[in-house]
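Reviewing the structure listed below.
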Amino acid sequence: MVRIPSFSLDRQIQQLHSELLDATDRVLRRSRFVLGEEVEAFEAEFAAYLGVGACVGVASGTSALELALRALGIGPGDEVIVPAFTAGFTALGVMAAGCTPVLVDVQETTGTLDPEAAAAAIGPRTAAIVAVHLYGRPADMGGLTRLASRRGLALVEDCAQAHGAEWQGCKVGTLGTVGCFSFYPTKNLGALGDAGAVVSSDALIVDKVRRLRHGGQQERYAHVEFGTNARLDELQAAYLRIKLKYLDRWNERRWQIALRYRQQLAGLSQLRFPEDPPGSKSVYHIMAVKVPGRDSLARDLAGMGIATDVHYPSALPDLPAFRGLPSLDVPKARLWASTQLSLPMFPELQDSEVDEVCQALVQVLQKGRWAR
Ligand SMILES: *Cc1c(COP(=O)(O)O)cnc(C)c1O
């Protein structure tokens with residue numbers, strides 16, 4: 001029986017129940033459901049939160065990546081560098097734009113895109129680099145912004161796991177050419193269904209994404225280019241406006257939980273925590289550790305009522321959907337895939353639960369069967 005879930009929304013939804021019902025009621029009374037004042041208000045509020053020129057609400061994080069690339073004029077025939085260790089949806093968004101992802105290794109210490117490996121993968125068709133801020137920790141933006149500007153490439157940030165994370169005092173999503181967010185329910189800022197956003201301070205990109213999400217229409221029935229349907233709806237925007245008010249508090253709590261884990265687990269030499277790049281602030285979307293014997297450890301913890309998860313069990317080149325894509329050697333991505341474990345992490349997790357997870361880890365790793 002699961003006593004401590006690896007992730008749960010129950011507690012948060014209980015706390016917000018009446019606020020969410022009020023927002024639902026507001027939208028129902030207005031009876032406007034797609035692209036209305038809730039979407040506009042959320043876009044303004046999220047852009048202000050990030051400190052970026054504008055935000056365009058879209059249907060998902062995957063469509064955010066697709067539309068961002070299309071707005072940059074990057075498409076069929078173009079290659080886009082994508083880390084070999086990320087959610088499969090990162091590569092799918094790139095492929096939806098008609099581009100070819102080139103899968104590149106990550107750093108052993110951080111699990112994020114290795115700027116040197118990325119440099120080695122640049123060819124005549126390379127048009128963009130996708131930096132994924134994995135687990136809520138900024139990627140190596142020093143190395144990646146230098147590389148992108150030196151080689152004249154667009155730098156697209158996949159911020160699906162990093163709402164509010166900072167690098168050198170700036171929020172992720174504002175560091176590259178364009179930022180892409182997912183508001184899938186389990187993300188640090190999550191809707192009650194699918195939702196996403198593209199953010200940028202480049203007015204041309206913003207205008208183009210606005211058109212593309214809405215059928216390529218300049219105005220109603222004036223399809224000036226080949227767009228799609230990837231709109232954010234009013235209910236999701238209304239829910240996101242409520243949750244945005246809590247985001248900093250929730251991220252702060254995640255940070256406290258991570259600190260508690262790190263302090264109590266510091267003595268376990270088998271565990272490795274991913275390193276934060278200098279001058280960065282993680283929002284701990286996922287409490288990741290690397291540990292040899294990951295699968296048996298996860299089984300032992302499950303036997304003690306503690307659920308864990310794995311993000312992600314495969315490097316992208318090892319998945320059937322991506323096997324045909326160009327890829328360099330990705331030994332570090334494979335090492336992450338075989339040793340990564342996600343400990344319980346969500347803002348409503350209590351200190352006593354964190355302590356219990358830590359005690360179980362100490363018990364299994366120091367004295368348990370695992371040692372033999
Ligand atoms: C969740 C996620 C996505 C996809 O977002 P959706 O809203 O589910 O389409 C893309 N990239 C990363 C890193 C993610 O975690």
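As shown in the structure tokens, the chain order sets the letters A, B, ...; within each chain, residues go from 1, and ligands are also counted from 1 in the order they appear.
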
Practice task
Could you give me, as a ChimeraX atom specification, every polymer residue with an atom at most 6 Å away from an atom of ligand 1, counting only C-alpha atoms and all ligand atoms?
Solution key: /A:60-62,86-87,89-90,132,158,160-161,182-184,194-196

Handout entry: Distance query Glu116 in chain A at most 9 Å, only C-alpha atoms, self and fewer than 3 positions along chain excluded, as a count of residues only
Key = 7

Residues of range 217-297 of chain A that have any atom at most 10 Å from an atom of range 311-326 of chain A: could you tabulate them with the shortest-distance atom pair and the distance in Å to one decimal, using only C-alpha atoms, ordered by chain and increasing number, as JSON lines?
```
{"residue": "A:Ile286", "atom": "CA", "partner": "A:His311", "partner_atom": "CA", "distance": 8.4}
{"residue": "A:Met287", "atom": "CA", "partner": "A:His311", "partner_atom": "CA", "distance": 10.0}
{"residue": "A:Ala288", "atom": "CA", "partner": "A:His311", "partner_atom": "CA", "distance": 8.1}
```

Write out, as a short mmCIF file (atom, residue, chain, number, x, y, z; two decimals), in the first residue's frame, the residues just selected, with N, CA and C atoms.
```
data_model
loop_
_atom_site.label_atom_id
_atom_site.label_comp_id
_atom_site.auth_asym_id
_atom_site.auth_seq_id
_atom_site.Cartn_x
_atom_site.Cartn_y
_atom_site.Cartn_z
N ILE A 286 11.30 18.01 -9.93
CA ILE A 286 11.51 16.61 -9.57
C ILE A 286 12.71 16.53 -8.64
N MET A 287 12.60 15.70 -7.60
CA MET A 287 13.72 15.48 -6.68
C MET A 287 14.52 14.29 -7.20
N ALA A 288 15.48 14.60 -8.06
CA ALA A 288 16.21 13.54 -8.74
C ALA A 288 17.46 13.15 -7.97
#
```

Exercise for the section: Using only C-alpha atoms, find the one residue out of A:Lys208, A:Arg151, A:Lys290, A:Lys367 that sits nearest to Thr339 in chain A. Expected result: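 For Thr339 in chain A, the nearest of the candidates is A:Lys290.
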
Problem - Residues flagged strand (DSSP E) by DSSP in range 66-298 of chain A, as a PyMOL selection string - result: chain A and resi 79-83+100-104+126-132+154-158+166-167+170-171+178-182+196-200+280-281+287-290

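Of note, CA of Lys281 in chain A and CA of Gln350 in chain A are spaced 21.9 Å apart.
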
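The shell of residues at most 7 Å from Gly227 in chain A, with only C-alpha atoms counted and near chain neighbours (fewer than 3 positions) removed, consists of Arg211, Leu212, Arg213, His214, Gly215 and Gly216 of chain A.
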
Restricting it to all heavy atoms, dump the selection as a compact mmCIF listing (two decimals), in the first residue's frame.
```
# COMPACT_ATOMS: atom_id res chain seq x y z
N ARG A 211 -0.95 34.21 -34.35
CA ARG A 211 -1.68 33.83 -35.57
C ARG A 211 -1.70 32.32 -35.74
O ARG A 211 -2.73 31.73 -36.03
CB ARG A 211 -1.03 34.46 -36.81
CG ARG A 211 -1.41 35.89 -37.07
CD ARG A 211 -1.07 36.29 -38.50
NE ARG A 211 0.33 36.06 -38.86
CZ ARG A 211 1.32 36.92 -38.61
NH1 ARG A 211 1.07 38.07 -37.99
NH2 ARG A 211 2.56 36.64 -38.96
N LEU A 212 -0.52 31.70 -35.56
CA LEU A 212 -0.41 30.26 -35.84
C LEU A 212 -1.33 29.44 -34.94
O LEU A 212 -1.92 28.46 -35.38
CB LEU A 212 1.05 29.79 -35.66
CG LEU A 212 2.05 30.27 -36.71
CD1 LEU A 212 3.46 29.83 -36.34
CD2 LEU A 212 1.68 29.76 -38.10
N ARG A 213 -1.47 29.83 -33.68
CA ARG A 213 -2.30 29.03 -32.76
C ARG A 213 -3.77 29.09 -33.16
O ARG A 213 -4.57 28.26 -32.75
CB ARG A 213 -2.14 29.53 -31.32
CG ARG A 213 -2.87 30.84 -31.05
CD ARG A 213 -2.92 31.25 -29.60
NE ARG A 213 -3.48 32.60 -29.49
CZ ARG A 213 -3.58 33.29 -28.38
NH1 ARG A 213 -3.14 32.80 -27.24
NH2 ARG A 213 -4.10 34.50 -28.37
N HIS A 214 -4.13 30.10 -33.93
CA HIS A 214 -5.53 30.39 -34.24
C HIS A 214 -5.78 30.29 -35.74
O HIS A 214 -6.34 31.18 -36.37
CB HIS A 214 -5.85 31.79 -33.71
CG HIS A 214 -7.31 32.10 -33.61
ND1 HIS A 214 -8.27 31.15 -33.37
CD2 HIS A 214 -7.98 33.28 -33.72
CE1 HIS A 214 -9.46 31.73 -33.34
NE2 HIS A 214 -9.31 33.02 -33.55
N GLY A 215 -5.28 29.18 -36.31
CA GLY A 215 -5.56 28.90 -37.72
C GLY A 215 -4.82 29.76 -38.72
O GLY A 215 -5.17 29.77 -39.91
N GLY A 216 -3.79 30.49 -38.26
CA GLY A 216 -3.07 31.36 -39.19
C GLY A 216 -3.90 32.55 -39.62
O GLY A 216 -3.65 33.15 -40.67
```

Handout entry: Non-local contacts of Ala237 in chain A (6 Å; only C-alpha atoms; under 3 positions in same chain excluded) as a list of chain:residue names
Key =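 Contacts, with the query itself left out: A:Glu38, A:Val39, A:Phe42, A:Glu234, A:Leu240.
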
Print the selection's residues with N, CA, C and O atoms to a file, as a PDB file, in the first residue's frame.
```pdb
ATOM      1  N   GLU A  38     -10.063  35.866 -19.907  1.00  0.00           N
ATOM      2  CA  GLU A  38      -9.223  35.110 -18.966  1.00  0.00           C
ATOM      3  C   GLU A  38      -7.864  34.799 -19.600  1.00  0.00           C
ATOM      4  O   GLU A  38      -6.822  34.902 -18.947  1.00  0.00           O
ATOM      5  N   VAL A  39      -7.887  34.402 -20.874  1.00  0.00           N
ATOM      6  CA  VAL A  39      -6.630  34.109 -21.575  1.00  0.00           C
ATOM      7  C   VAL A  39      -5.777  35.366 -21.652  1.00  0.00           C
ATOM      8  O   VAL A  39      -4.581  35.346 -21.334  1.00  0.00           O
ATOM      9  N   PHE A  42      -4.393  36.157 -18.172  1.00  0.00           N
ATOM     10  CA  PHE A  42      -3.322  35.238 -17.779  1.00  0.00           C
ATOM     11  C   PHE A  42      -2.040  35.536 -18.555  1.00  0.00           C
ATOM     12  O   PHE A  42      -0.941  35.534 -17.981  1.00  0.00           O
ATOM     13  N   GLU A 234     -10.513  29.331 -22.028  1.00  0.00           N
ATOM     14  CA  GLU A 234     -10.808  30.259 -20.938  1.00  0.00           C
ATOM     15  C   GLU A 234     -10.778  29.605 -19.558  1.00  0.00           C
ATOM     16  O   GLU A 234     -10.286  30.181 -18.594  1.00  0.00           O
ATOM     17  N   LEU A 240      -5.313  28.794 -14.205  1.00  0.00           N
ATOM     18  CA  LEU A 240      -3.896  29.155 -14.139  1.00  0.00           C
ATOM     19  C   LEU A 240      -3.692  30.496 -13.425  1.00  0.00           C
ATOM     20  O   LEU A 240      -2.699  30.683 -12.710  1.00  0.00           O
TER      21      LEU A 240
END
```

Handout entry: Residue set, range 140-182 of chain A restricted to helix (DSSP H, G or I), as a list in words
Key = Met141, Gly142, Gly143, Leu144, Thr145, Arg146, Leu147, Ala148, Ser149, Arg150 and Arg151 of chain A

Save the residues we just selected, N, CA, C and O atoms, as an mmCIF file, in the first residue's frame?
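Output contents, as saved in part-v7.cif:
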```cif
data_model
loop_
_atom_site.group_PDB
_atom_site.id
_atom_site.type_symbol
_atom_site.label_atom_id
_atom_site.label_comp_id
_atom_site.auth_asym_id
_atom_site.auth_seq_id
_atom_site.Cartn_x
_atom_site.Cartn_y
_atom_site.Cartn_z
ATOM 1 N N MET A 141 23.188 27.633 -19.176
ATOM 2 C CA MET A 141 22.831 28.698 -20.114
ATOM 3 C C MET A 141 24.026 29.565 -20.490
ATOM 4 O O MET A 141 24.005 30.213 -21.537
ATOM 5 N N GLY A 142 25.061 29.591 -19.665
ATOM 6 C CA GLY A 142 26.275 30.308 -20.048
ATOM 7 C C GLY A 142 26.846 29.714 -21.319
ATOM 8 O O GLY A 142 26.996 30.392 -22.344
ATOM 9 N N GLY A 143 27.118 28.422 -21.265
ATOM 10 C CA GLY A 143 27.699 27.729 -22.418
ATOM 11 C C GLY A 143 26.765 27.726 -23.617
ATOM 12 O O GLY A 143 27.201 27.912 -24.768
ATOM 13 N N LEU A 144 25.476 27.534 -23.379
ATOM 14 C CA LEU A 144 24.540 27.399 -24.505
ATOM 15 C C LEU A 144 24.256 28.741 -25.187
ATOM 16 O O LEU A 144 24.148 28.799 -26.413
ATOM 17 N N THR A 145 24.135 29.831 -24.403
ATOM 18 C CA THR A 145 23.904 31.128 -25.057
ATOM 19 C C THR A 145 25.143 31.557 -25.848
ATOM 20 O O THR A 145 25.015 32.084 -26.954
ATOM 21 N N ARG A 146 26.327 31.276 -25.285
ATOM 22 C CA ARG A 146 27.560 31.613 -26.030
ATOM 23 C C ARG A 146 27.613 30.840 -27.342
ATOM 24 O O ARG A 146 27.879 31.402 -28.404
ATOM 25 N N LEU A 147 27.323 29.542 -27.259
ATOM 26 C CA LEU A 147 27.375 28.695 -28.456
ATOM 27 C C LEU A 147 26.359 29.172 -29.499
ATOM 28 O O LEU A 147 26.688 29.325 -30.680
ATOM 29 N N ALA A 148 25.134 29.417 -29.061
ATOM 30 C CA ALA A 148 24.081 29.819 -29.999
ATOM 31 C C ALA A 148 24.432 31.137 -30.674
ATOM 32 O O ALA A 148 24.276 31.282 -31.892
ATOM 33 N N SER A 149 24.946 32.097 -29.903
ATOM 34 C CA SER A 149 25.213 33.399 -30.537
ATOM 35 C C SER A 149 26.443 33.310 -31.435
ATOM 36 O O SER A 149 26.473 33.906 -32.510
ATOM 37 N N ARG A 150 27.459 32.524 -31.010
ATOM 38 C CA ARG A 150 28.664 32.368 -31.836
ATOM 39 C C ARG A 150 28.318 31.739 -33.192
ATOM 40 O O ARG A 150 28.849 32.120 -34.220
ATOM 41 N N ARG A 151 27.391 30.766 -33.191
ATOM 42 C CA ARG A 151 27.076 30.044 -34.419
ATOM 43 C C ARG A 151 25.815 30.549 -35.108
ATOM 44 O O ARG A 151 25.351 29.960 -36.085
#
```

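For the residues A:Ala59, A:Pro278, A:Ile257, A:Asp309, ranking by smallest atom-to-atom distance to Gly193 in chain A using only C-alpha atoms places A:Ala59 first.
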
Practice task
Please provide the set of residues having any atom within 8 Å of Pro138 in chain A, restricted to only C-alpha atoms, with same-chain residues fewer than 4 positions apart removed, written as a PyMOL selection string.
Solution key: chain A and resi 132-134+162+165-167+172+276-277+280-282

Problem - 12 Å contact set for Gln256 in chain A, only C-alpha atoms, chain neighbours under 2 positions out, as a PyMOL selection string - result: chain A and resi 249-254+258-263+282-284+287+345-351+354

Write out the residues from the selection above, keeping C-alpha atoms, as an mmCIF file, in the first residue's frame.
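So the final result, stored in out01.cif, reads:
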```cif
data_model
loop_
_atom_site.group_PDB
_atom_site.id
_atom_site.type_symbol
_atom_site.label_atom_id
_atom_site.label_comp_id
_atom_site.auth_asym_id
_atom_site.auth_seq_id
_atom_site.Cartn_x
_atom_site.Cartn_y
_atom_site.Cartn_z
ATOM 1 C CA ARG A 249 5.118 29.913 -2.338
ATOM 2 C CA TRP A 250 4.951 26.404 -3.806
ATOM 3 C CA ASN A 251 8.425 26.695 -5.354
ATOM 4 C CA GLU A 252 9.808 27.945 -2.042
ATOM 5 C CA ARG A 253 8.287 24.934 -0.291
ATOM 6 C CA ARG A 254 9.789 22.579 -2.897
ATOM 7 C CA ALA A 258 14.878 19.530 -1.315
ATOM 8 C CA LEU A 259 17.125 21.046 1.350
ATOM 9 C CA ARG A 260 15.696 18.641 3.937
ATOM 10 C CA TYR A 261 16.361 15.686 1.630
ATOM 11 C CA ARG A 262 19.899 16.856 0.866
ATOM 12 C CA GLN A 263 20.756 17.364 4.521
ATOM 13 C CA SER A 282 16.143 25.422 -9.115
ATOM 14 C CA VAL A 283 12.406 25.030 -8.573
ATOM 15 C CA TYR A 284 12.744 21.276 -7.983
ATOM 16 C CA MET A 287 13.720 15.481 -6.680
ATOM 17 C CA MET A 345 8.269 15.792 -4.320
ATOM 18 C CA PHE A 346 5.289 18.132 -4.269
ATOM 19 C CA PRO A 347 4.719 21.288 -2.223
ATOM 20 C CA GLU A 348 2.110 19.706 0.063
ATOM 21 C CA LEU A 349 4.506 16.941 1.148
ATOM 22 C CA GLN A 350 5.006 17.221 4.920
ATOM 23 C CA ASP A 351 8.333 17.341 6.728
ATOM 24 C CA VAL A 354 10.257 13.616 3.907
#
```
